[in-house]
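Asks: Contents of upload08.tsv (TSV, C-alpha atoms):
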```tsv
chain	number	residue	atom	x	y	z
J	4	MET	CA	66.74	95.15	116.87
J	5	ASN	CA	69.12	93.63	119.39
J	6	LEU	CA	72.55	95.30	119.44
J	7	GLU	CA	74.51	92.08	119.93
J	8	ARG	CA	72.79	90.54	116.90
J	9	LEU	CA	73.74	93.57	114.82
J	10	ARG	CA	77.29	93.22	116.14
J	11	ALA	CA	77.34	89.59	114.98
J	12	LEU	CA	76.15	90.55	111.49
J	13	HIS	CA	78.74	93.32	111.30
J	14	ALA	CA	81.49	90.87	112.31
J	15	VAL	CA	80.50	88.44	109.54
J	16	ALA	CA	80.51	91.30	107.01
J	17	VAL	CA	83.97	92.46	108.10
J	18	HIS	CA	85.66	89.08	108.58
J	19	GLY	CA	83.97	87.15	105.77
J	20	SER	CA	82.76	84.04	107.58
J	21	ILE	CA	80.91	82.90	110.68
J	22	ALA	CA	84.02	81.15	112.01
J	23	ALA	CA	86.21	84.23	111.61
J	24	ALA	CA	83.50	86.45	113.12
J	25	ALA	CA	83.20	84.11	116.09
J	26	GLU	CA	86.96	84.19	116.64
J	27	ALA	CA	87.00	88.00	116.52
J	28	MET	CA	84.08	88.18	118.99
J	29	HIS	CA	85.55	85.48	121.25
J	30	VAL	CA	82.41	83.34	121.04
J	31	THR	CA	81.55	80.03	119.39
J	32	PRO	CA	80.44	79.80	115.73
J	33	SER	CA	77.15	78.29	116.89
J	34	GLY	CA	76.61	81.34	119.11
J	35	VAL	CA	77.06	83.65	116.11
J	36	SER	CA	74.72	81.50	114.00
J	37	GLN	CA	72.05	81.63	116.70
J	38	GLN	CA	72.29	85.41	116.94
J	39	LEU	CA	71.95	85.75	113.17
J	40	ALA	CA	68.99	83.36	113.05
J	41	LYS	CA	67.21	85.48	115.67
J	42	LEU	CA	68.05	88.62	113.71
J	43	GLU	CA	66.53	87.11	110.58
J	44	ARG	CA	63.33	86.38	112.50
J	45	GLU	CA	63.29	89.92	113.89
J	46	THR	CA	63.72	91.53	110.48
J	47	GLY	CA	61.73	89.07	108.38
J	48	HIS	CA	64.60	88.87	105.86
J	49	ALA	CA	67.14	86.18	105.01
J	50	LEU	CA	70.49	87.79	105.80
J	51	LEU	CA	72.82	84.94	104.79
J	52	GLU	CA	72.87	82.45	101.94
J	53	PRO	CA	75.11	79.44	101.23
J	54	GLN	CA	78.28	79.93	99.19
J	55	GLY	CA	80.36	76.80	98.74
J	56	ARG	CA	81.15	75.53	102.20
J	57	GLY	CA	80.52	78.92	103.76
J	58	VAL	CA	77.99	81.71	103.59
J	59	ARG	CA	77.68	85.18	102.14
J	60	LEU	CA	75.46	88.14	102.88
J	61	THR	CA	72.25	88.51	100.92
J	62	ARG	CA	71.23	91.89	99.55
J	63	ALA	CA	69.22	92.47	102.72
J	64	GLY	CA	72.23	91.34	104.75
J	65	HIS	CA	74.45	93.94	103.06
J	66	VAL	CA	71.89	96.68	103.66
J	67	LEU	CA	71.52	95.84	107.34
J	68	ALA	CA	75.28	95.33	107.80
J	69	GLY	CA	75.85	98.86	106.51
J	70	HIS	CA	73.40	100.26	109.05
J	71	ALA	CA	74.96	98.08	111.76
J	72	ALA	CA	78.41	99.50	110.99
J	73	ARG	CA	77.12	103.05	111.37
J	74	VAL	CA	75.24	102.25	114.58
J	75	LEU	CA	78.27	100.55	116.14
J	76	ALA	CA	80.58	103.35	115.01
J	77	GLN	CA	78.31	105.95	116.60
J	78	LEU	CA	78.13	104.02	119.86
J	79	SER	CA	81.89	103.55	119.84
J	80	ALA	CA	82.41	107.26	119.23
J	81	ALA	CA	80.13	108.07	122.17
J	82	ALA	CA	82.01	105.66	124.43
J	83	ALA	CA	85.36	107.03	123.28
J	84	GLU	CA	84.28	110.60	123.93
J	85	LEU	CA	83.11	109.68	127.42
J	86	ASP	CA	86.34	107.77	128.07
J	87	GLY	CA	88.31	110.78	126.91
J	88	LEU	CA	86.80	112.82	129.72
J	89	ARG	CA	88.52	110.68	132.31
J	90	ALA	CA	91.10	108.45	130.68
J	91	ASP	CA	94.83	108.96	130.52
J	92	VAL	CA	96.51	108.13	127.20
J	93	THR	CA	98.14	104.85	128.16
J	94	GLY	CA	98.61	101.32	126.94
J	95	PRO	CA	99.72	99.69	123.68
J	96	VAL	CA	98.95	101.13	120.27
J	97	ARG	CA	99.88	99.26	117.07
J	98	LEU	CA	100.83	101.32	114.04
J	99	GLY	CA	101.33	100.37	110.40
J	100	ALA	CA	103.04	102.55	107.80
J	101	PHE	CA	104.59	102.45	104.35
J	102	VAL	CA	108.36	102.70	104.32
J	103	THR	CA	108.92	106.39	103.48
J	104	ALA	CA	106.43	107.48	106.12
J	105	ALA	CA	108.05	105.09	108.61
J	106	ARG	CA	111.40	106.76	107.96
J	107	SER	CA	110.41	110.40	107.72
J	108	VAL	CA	107.21	111.08	109.67
J	109	LEU	CA	106.99	108.38	112.31
J	110	PRO	CA	110.25	109.03	114.23
J	111	PRO	CA	109.36	112.63	115.21
J	112	ALA	CA	105.73	111.62	115.81
J	113	LEU	CA	106.73	108.77	118.14
J	114	ALA	CA	109.25	111.01	119.92
J	115	ALA	CA	106.48	113.56	120.54
J	116	LEU	CA	104.15	110.83	121.82
J	117	ARG	CA	106.80	109.57	124.24
J	118	GLU	CA	107.26	113.08	125.63
J	119	ARG	CA	103.54	113.89	125.95
J	120	HIS	CA	102.18	110.46	126.82
J	121	PRO	CA	104.89	108.33	128.48
J	122	GLY	CA	102.30	105.67	129.38
J	123	LEU	CA	101.66	104.94	125.69
J	124	THR	CA	103.62	102.03	124.18
J	125	PRO	CA	103.51	102.18	120.36
J	126	THR	CA	104.79	99.41	118.08
J	127	LEU	CA	105.29	99.56	114.31
J	128	ARG	CA	104.58	97.22	111.39
J	129	GLU	CA	105.87	98.33	108.01
J	130	GLY	CA	103.83	97.58	104.91
J	131	GLU	CA	101.95	98.92	101.91
J	132	ALA	CA	98.25	99.76	101.93
J	133	GLU	CA	97.28	96.31	100.67
J	134	ASN	CA	98.77	94.84	103.87
J	135	VAL	CA	98.11	97.40	106.58
J	136	LEU	CA	94.50	98.31	105.71
J	137	PRO	CA	93.21	94.71	105.98
J	138	ALA	CA	95.17	94.35	109.22
J	139	LEU	CA	93.55	97.57	110.47
J	140	ALA	CA	90.05	96.36	109.54
J	141	ARG	CA	90.69	93.00	111.28
J	142	GLY	CA	91.80	94.72	114.47
J	143	ASP	CA	95.46	93.67	114.17
J	144	LEU	CA	96.49	97.34	113.92
J	145	ASP	CA	95.12	100.46	115.60
J	146	VAL	CA	96.45	103.21	113.31
J	147	ALA	CA	97.86	103.10	109.78
J	148	MET	CA	99.56	105.52	107.41
J	149	VAL	CA	98.83	104.78	103.75
J	150	GLU	CA	99.50	106.43	100.42
J	151	SER	CA	97.01	106.92	97.60
J	152	TRP	CA	98.11	107.99	94.12
J	153	ASP	CA	95.66	110.13	92.19
J	154	THR	CA	96.01	107.75	89.24
J	155	LEU	CA	95.14	104.70	91.38
J	156	PRO	CA	93.33	105.74	94.59
J	157	THR	CA	93.55	103.45	97.60
J	158	PRO	CA	90.11	102.12	98.65
J	159	PHE	CA	89.38	102.36	102.38
J	160	PRO	CA	87.21	99.72	104.11
J	161	ALA	CA	83.81	100.95	105.25
J	162	SER	CA	84.79	100.36	108.90
J	163	VAL	CA	87.79	102.70	108.66
J	164	SER	CA	87.98	106.47	109.16
J	165	ASN	CA	90.79	108.55	107.69
J	166	VAL	CA	92.31	112.03	107.66
J	167	LEU	CA	94.46	113.52	104.91
J	168	LEU	CA	97.94	114.35	106.25
J	169	SER	CA	99.63	115.79	103.17
J	170	SER	CA	99.92	115.75	99.40
J	171	ASP	CA	103.20	114.74	97.75
J	172	VAL	CA	104.59	115.16	94.21
J	173	ILE	CA	106.13	112.24	92.28
J	174	ASP	CA	109.17	113.13	90.17
J	175	LEU	CA	110.93	111.22	87.41
J	176	ALA	CA	114.47	109.98	88.07
J	177	LEU	CA	116.59	109.42	84.94
J	178	PRO	CA	120.22	108.49	84.37
J	179	ALA	CA	122.12	111.73	83.73
J	180	ALA	CA	123.30	110.43	80.35
J	181	HIS	CA	119.77	109.84	79.03
J	182	PRO	CA	118.77	112.30	76.28
J	183	LEU	CA	115.65	113.39	78.17
J	184	ALA	CA	117.70	114.19	81.29
J	185	ARG	CA	118.74	117.54	79.79
J	186	ARG	CA	115.15	118.72	80.12
J	187	ARG	CA	113.44	120.20	83.18
J	188	THR	CA	110.03	118.68	82.43
J	189	VAL	CA	109.10	115.52	80.54
J	190	ASP	CA	105.71	114.51	79.17
J	191	LEU	CA	104.72	111.07	80.44
J	192	HIS	CA	103.92	109.84	76.94
J	193	GLU	CA	107.62	110.38	76.02
J	194	LEU	CA	108.75	107.63	78.39
J	195	ARG	CA	108.29	104.65	76.05
J	196	GLY	CA	111.18	102.21	75.81
J	197	LEU	CA	112.62	102.83	79.29
J	198	ARG	CA	113.34	100.10	81.79
J	199	TRP	CA	112.05	100.84	85.28
J	200	ALA	CA	112.87	100.29	88.91
J	201	ALA	CA	109.74	99.84	90.99
J	202	TRP	CA	108.57	98.63	94.38
J	203	THR	CA	107.64	95.06	95.35
J	204	ALA	CA	106.38	93.02	92.39
J	205	GLY	CA	102.58	93.03	92.31
J	206	GLY	CA	102.36	95.45	95.24
J	207	THR	CA	100.44	98.70	95.50
J	208	CYS	CA	103.39	100.96	94.62
J	209	GLU	CA	104.29	99.01	91.48
J	210	LYS	CA	100.63	98.97	90.39
J	211	GLN	CA	100.44	102.74	90.87
J	212	ILE	CA	103.45	103.36	88.62
J	213	VAL	CA	102.18	100.96	85.96
J	214	GLN	CA	98.69	102.53	86.01
J	215	THR	CA	100.11	106.06	85.80
J	216	LEU	CA	102.25	105.28	82.76
J	217	ARG	CA	99.60	103.20	80.99
J	218	GLU	CA	97.21	106.13	81.18
J	219	HIS	CA	99.72	107.85	78.87
J	220	ASN	CA	100.18	104.92	76.48
J	221	VAL	CA	103.42	103.72	78.08
J	222	ASP	CA	103.64	100.04	78.96
J	223	PRO	CA	106.55	100.00	81.42
J	224	ASP	CA	109.22	97.30	81.42
J	225	ILE	CA	109.89	96.68	85.12
J	226	ALA	CA	113.51	95.58	85.32
J	227	CYS	CA	114.12	95.93	89.07
J	228	ASN	CA	111.75	95.36	91.98
J	229	VAL	CA	113.39	96.98	94.99
J	230	ALA	CA	111.56	97.89	98.20
J	231	ASP	CA	113.59	101.03	98.86
J	232	TYR	CA	113.80	104.32	96.99
J	233	ALA	CA	117.49	104.87	97.77
J	234	THR	CA	118.31	101.54	96.12
J	235	GLN	CA	116.13	102.42	93.14
J	236	LEU	CA	118.11	105.64	92.74
J	237	ALA	CA	121.34	103.61	92.82
J	238	PHE	CA	120.04	101.61	89.84
J	239	VAL	CA	119.18	104.87	88.08
J	240	ALA	CA	122.66	106.26	88.78
J	241	ALA	CA	124.18	103.13	87.21
J	242	GLY	CA	122.16	103.75	84.04
J	243	LEU	CA	120.10	100.59	84.54
J	244	ALA	CA	116.61	102.02	85.01
J	245	ALA	CA	114.33	105.00	85.44
J	246	ALA	CA	112.18	105.46	88.55
J	247	MET	CA	109.25	107.47	89.89
J	248	ILE	CA	110.33	108.94	93.24
J	249	PRO	CA	108.01	110.77	95.68
J	250	ARG	CA	109.56	113.86	97.20
J	251	LEU	CA	108.72	112.57	100.67
J	252	GLY	CA	110.83	109.47	99.96
J	253	ARG	CA	113.78	111.24	98.36
J	254	ASP	CA	117.15	111.00	100.03
J	255	PRO	CA	120.03	113.10	98.71
J	256	VAL	CA	120.10	112.38	94.98
J	257	PRO	CA	123.26	110.47	94.00
J	258	ALA	CA	125.61	111.60	91.26
J	259	GLY	CA	124.54	110.38	87.88
J	260	VAL	CA	120.80	110.97	88.51
J	261	ARG	CA	118.65	113.80	87.22
J	262	MET	CA	115.29	114.53	88.82
J	263	LEU	CA	112.69	115.91	86.42
J	264	ALA	CA	109.16	117.21	86.81
J	265	THR	CA	106.47	115.42	84.81
J	266	ARG	CA	103.64	116.73	82.69
J	267	PRO	CA	100.99	116.17	83.91
J	268	VAL	CA	102.17	116.36	87.51
J	269	VAL	CA	101.76	113.03	89.31
J	270	ARG	CA	100.63	113.31	92.93
J	271	ARG	CA	99.92	111.05	95.85
J	272	LYS	CA	98.04	111.73	99.05
J	273	ILE	CA	99.11	110.47	102.47
J	274	TYR	CA	96.43	109.49	104.97
J	275	VAL	CA	96.28	108.33	108.55
J	276	ALA	CA	93.49	105.79	109.12
J	277	TRP	CA	91.97	104.02	112.09
J	278	ARG	CA	89.08	101.66	112.80
J	279	THR	CA	86.09	103.88	113.52
J	280	GLU	CA	84.76	101.70	116.32
J	281	ALA	CA	88.19	101.63	118.02
J	282	ALA	CA	88.64	105.41	118.24
J	283	GLY	CA	89.71	106.60	121.67
J	284	PRO	CA	92.33	108.66	123.53
J	285	ALA	CA	95.32	106.57	122.39
J	286	VAL	CA	94.26	106.59	118.73
J	287	ASP	CA	93.41	110.30	118.89
J	288	ALA	CA	96.86	111.07	120.34
J	289	CYS	CA	98.58	109.10	117.57
J	290	VAL	CA	96.55	110.78	114.82
J	291	GLU	CA	97.36	114.23	116.18
J	292	ALA	CA	101.09	113.42	116.54
J	293	LEU	CA	101.25	112.09	112.97
J	294	ARG	CA	99.38	115.11	111.62
J	295	ALA	CA	101.77	117.52	113.33
J	296	ALA	CA	104.88	115.57	112.26
J	297	ALA	CA	103.72	115.34	108.63
J	298	GLU	CA	102.94	119.06	108.53
J	299	HIS	CA	106.33	119.95	110.00
J	300	PHE	CA	108.18	117.59	107.63
J	301	MET	CA	106.51	119.01	104.52
J	302	GLU	CA	107.19	122.59	105.68
J	303	ASP	CA	110.90	121.72	106.04
J	304	ARG	CA	110.93	120.16	102.56
J	305	LEU	CA	109.32	123.22	100.98
J	306	ALA	CA	111.80	125.49	102.76
J	307	SER	CA	114.85	123.48	101.64
```
Would it be possible to restate this file's structure as structure tokens?
Replies:
Amino acid sequence: MNLERLRALHAVAVHGSIAAAAEAMHVTPSGVSQQLAKLERETGHALLEPQGRGVRLTRAGHVLAGHAARVLAQLSAAAAELDGLRADVTGPVRLGAFVTAARSVLPPALAALRERHPGLTPTLREGEAENVLPALARGDLDVAMVESWDTLPTPFPASVSNVLLSSDVIDLALPAAHPLARRRTVDLHELRGLRWAAWTAGGTCEKQIVQTLREHNVDPDIACNVADYATQLAFVAAGLAAAMIPRLGRDPVPAGVRMLATRPVVRRKIYVAWRTEAAGPAVDACVEALRAAAEHFMEDRLAS
């Protein structure tokens, strides 16, 4: 099978349409259609079928697209490894990260990159997994840091590789005057009737909190949607809400707030992800810097 025809099929699978695939490949839509028609003749299978005004992959198309992704990833890995033998780590690299990682892990990681690889020019886009992972799969980002709660794991696109950086515990923040605040540990099923501060309405973080509590028969009343943990803690201190606060995202706890452990313990994992076919010296350098910064940060937190 012709490699460029497999590349065209993979692009349609990733981007969802012939037009979007053509734009990503910098060719015309008719060029993509011709490549796919030839691939259908080569394989003896229909790979696309009409859907509304567009097309979708057939079962055979999905099967072949999966193989195409693995073939292209392997070729890209080979090219990246060869490039790494002779290439300096230079050029732009676009990073995405959720807010607590952007504040705590990225600054030391970027400082280390500047010292070790002054020819590298990183830029940052802040966002939750639902924003940065699609951007990564489209090629709008090169590296992304995302969180994944155990109660609502984050799905990674098939075209994306990832490495676990650290595991983080989520604690309960209550107003100091609340009756449960005198405890050290609270069962999640005891949290009925509270009003909650959560992240952006409808976003990944809010969904994770809602899913976690519903698993314990608590239907949370979200009173405040605030995209910042420090502000959420200010609402807790004022007696207006409770909040679930990851230890990675915790600033000094304000007066009027009690932090409690939960039973069961709620955890999230923090990953660094990159497009498999785009791996290379710059991406490798970023992944290593983020891994080292995350490890150092969590060691400092455990020691404090």
Asks: Excluding range 289-295 of chain J and its own-chain neighbours fewer than 3 positions away, which residues fall within 7 Å of it when counting all atoms listed in the file? Please give them as a list in words.
Replies: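 Here the qualifying residues turn out to be Val108, Leu109, Ala112, Ala115, Leu116, Leu168, Val275, Ala285, Val286, Glu298 and His299 of chain J.
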Asks: Which residue out of J:Asn165, J:Ser33, J:Thr265, J:Gln54 has the minimum interatomic distance to His219 in chain J when all atoms listed in the file are used?
Replies: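 Among J:Asn165, J:Ser33, J:Thr265, J:Gln54, it is J:Thr265 that comes nearest to His219 in chain J.
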Asks: In terms of the shortest atom-to-atom distance over all atoms listed in the file, which of J:Pro267, J:Pro249, J:Gly142, J:Pro223 is closest to Ala24 in chain J?
Replies: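 Using all atoms listed in the file, the shortest distance to Ala24 in chain J belongs to J:Gly142.
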Asks: Near Ala25 in chain J, counting all atoms listed in the file, which residues have an atom at most 9 Å away, once you skip same-chain residues fewer than 3 positions from it, shown as a list in words?
Replies: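 Everything that qualifies: Ala11, Ala14, Val15, Ser20, Ile21, Ala22, Met28, His29, Val30, Thr31, Pro32, Ser33, Gly34 and Val35 of chain J.
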Asks: Write a file of the selected residues as a compact mmCIF listing (two decimals), in the frame of the given file, keeping C-alpha atoms.
Replies:
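Output file out_18.txt follows:
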```
# COMPACT_ATOMS: atom_id res chain seq x y z
CA ALA J 11 77.34 89.59 114.98
CA ALA J 14 81.49 90.87 112.31
CA VAL J 15 80.50 88.44 109.54
CA SER J 20 82.76 84.04 107.58
CA ILE J 21 80.91 82.90 110.68
CA ALA J 22 84.02 81.15 112.01
CA MET J 28 84.08 88.18 118.99
CA HIS J 29 85.55 85.48 121.25
CA VAL J 30 82.41 83.34 121.04
CA THR J 31 81.55 80.03 119.39
CA PRO J 32 80.44 79.80 115.73
CA SER J 33 77.15 78.29 116.89
CA GLY J 34 76.61 81.34 119.11
CA VAL J 35 77.06 83.65 116.11
```
Asks: Which neighbours of Val172 in chain J fall inside 7 Å, counting all atoms listed in the file, when residues of the same chain fewer than 5 positions from it are skipped, and could you give them as a ChimeraX atom specification?
Replies: /J:249-250,269-271
Asks: Set the distance at 10 Å and use only C-alpha atoms: which residues neighbour Arg97 in chain J once local chain neighbours fewer than 3 positions away are removed? I'd like the list as a list in words.
Replies: Thr124, Pro125, Thr126, Leu127, Arg128, Leu139, Gly142, Asp143, Leu144, Asp145, Val146, Ala147, Val286 and Cys289 of chain J
Asks: Grab the CA of Val213 in chain J to CA of Ile273 in chain J distance for me, in Å with one decimal place.
Replies: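 Between CA of Val213 in chain J and CA of Ile273 in chain J the gap works out to 19.3 Å.
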Asks: Find the spatial neighbours of Leu197 in chain J, counting all atoms listed in the file, within a cut-off of 8 Å - ignore same-chain residues fewer than 4 positions away - and output them as a list in words.
Replies: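 Within the cut-off, the hits are Pro223, Asp224, Ala244 and Ala245 of chain J.
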Asks: Taking (111.6, 118.6, 80.8) in the file's own coordinates, collect the residues within 12 Å, counting only C-alpha atoms, and hand them back as a PDB file with C-alpha atoms, keeping the file's coordinate frame.
Replies:
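The file below, selection_30.pdb, is the result:
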```pdb
ATOM      1  CA  ASP J 174     109.170 113.130  90.170  1.00  0.00           C
ATOM      2  CA  LEU J 175     110.930 111.220  87.410  1.00  0.00           C
ATOM      3  CA  ALA J 176     114.470 109.980  88.070  1.00  0.00           C
ATOM      4  CA  LEU J 177     116.590 109.420  84.940  1.00  0.00           C
ATOM      5  CA  PRO J 182     118.770 112.300  76.280  1.00  0.00           C
ATOM      6  CA  LEU J 183     115.650 113.390  78.170  1.00  0.00           C
ATOM      7  CA  ALA J 184     117.700 114.190  81.290  1.00  0.00           C
ATOM      8  CA  ARG J 185     118.740 117.540  79.790  1.00  0.00           C
ATOM      9  CA  ARG J 186     115.150 118.720  80.120  1.00  0.00           C
ATOM     10  CA  ARG J 187     113.440 120.200  83.180  1.00  0.00           C
ATOM     11  CA  THR J 188     110.030 118.680  82.430  1.00  0.00           C
ATOM     12  CA  VAL J 189     109.100 115.520  80.540  1.00  0.00           C
ATOM     13  CA  ASP J 190     105.710 114.510  79.170  1.00  0.00           C
ATOM     14  CA  LEU J 191     104.720 111.070  80.440  1.00  0.00           C
ATOM     15  CA  GLU J 193     107.620 110.380  76.020  1.00  0.00           C
ATOM     16  CA  LEU J 194     108.750 107.630  78.390  1.00  0.00           C
ATOM     17  CA  ARG J 261     118.650 113.800  87.220  1.00  0.00           C
ATOM     18  CA  MET J 262     115.290 114.530  88.820  1.00  0.00           C
ATOM     19  CA  LEU J 263     112.690 115.910  86.420  1.00  0.00           C
ATOM     20  CA  ALA J 264     109.160 117.210  86.810  1.00  0.00           C
ATOM     21  CA  THR J 265     106.470 115.420  84.810  1.00  0.00           C
ATOM     22  CA  ARG J 266     103.640 116.730  82.690  1.00  0.00           C
ATOM     23  CA  PRO J 267     100.990 116.170  83.910  1.00  0.00           C
ATOM     24  CA  VAL J 268     102.170 116.360  87.510  1.00  0.00           C
TER      25      VAL J 268
END
```
Asks: Record the distance separating CA of Pro255 in chain J and CA of Leu236 in chain J, expressed in Å with one decimal.
Replies: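 CA of Leu236 in chain J lies 9.7 Å from CA of Pro255 in chain J.
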Asks: What would the list of residues within 10 Å of (86.4, 99.1, 106.3) (file frame) look like as a list in words, if only C-alpha atoms are what count?
Replies: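 Counting only C-alpha atoms, I find these residues within 10 Å of (86.4, 99.1, 106.3): Ala16, Val17, Ala72, Leu136, Pro137, Leu139, Ala140, Arg141, Pro158, Phe159, Pro160, Ala161, Ser162, Val163, Ser164, Trp277, Arg278 and Thr279 of chain J.
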Asks: Find, counting only C-alpha atoms, the residue in J:Val260, J:Pro178, J:Arg253, J:Ser151 that gets nearest to Ile212 in chain J.
Replies: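 Result for the nearest residue to Ile212 in chain J: J:Ser151.
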Asks: Quick check, in Å to one decimal: how far apart do CA of Leu98 in chain J and CA of Ala276 in chain J lie?
Replies: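 One can read the CA of Leu98 in chain J to CA of Ala276 in chain J distance as 9.9 Å.
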Asks: J:Ala241, J:Ala80, J:Ala200, J:Leu155: which is nearest Pro284 in chain J, counting only C-alpha atoms?
Replies: J:Ala80
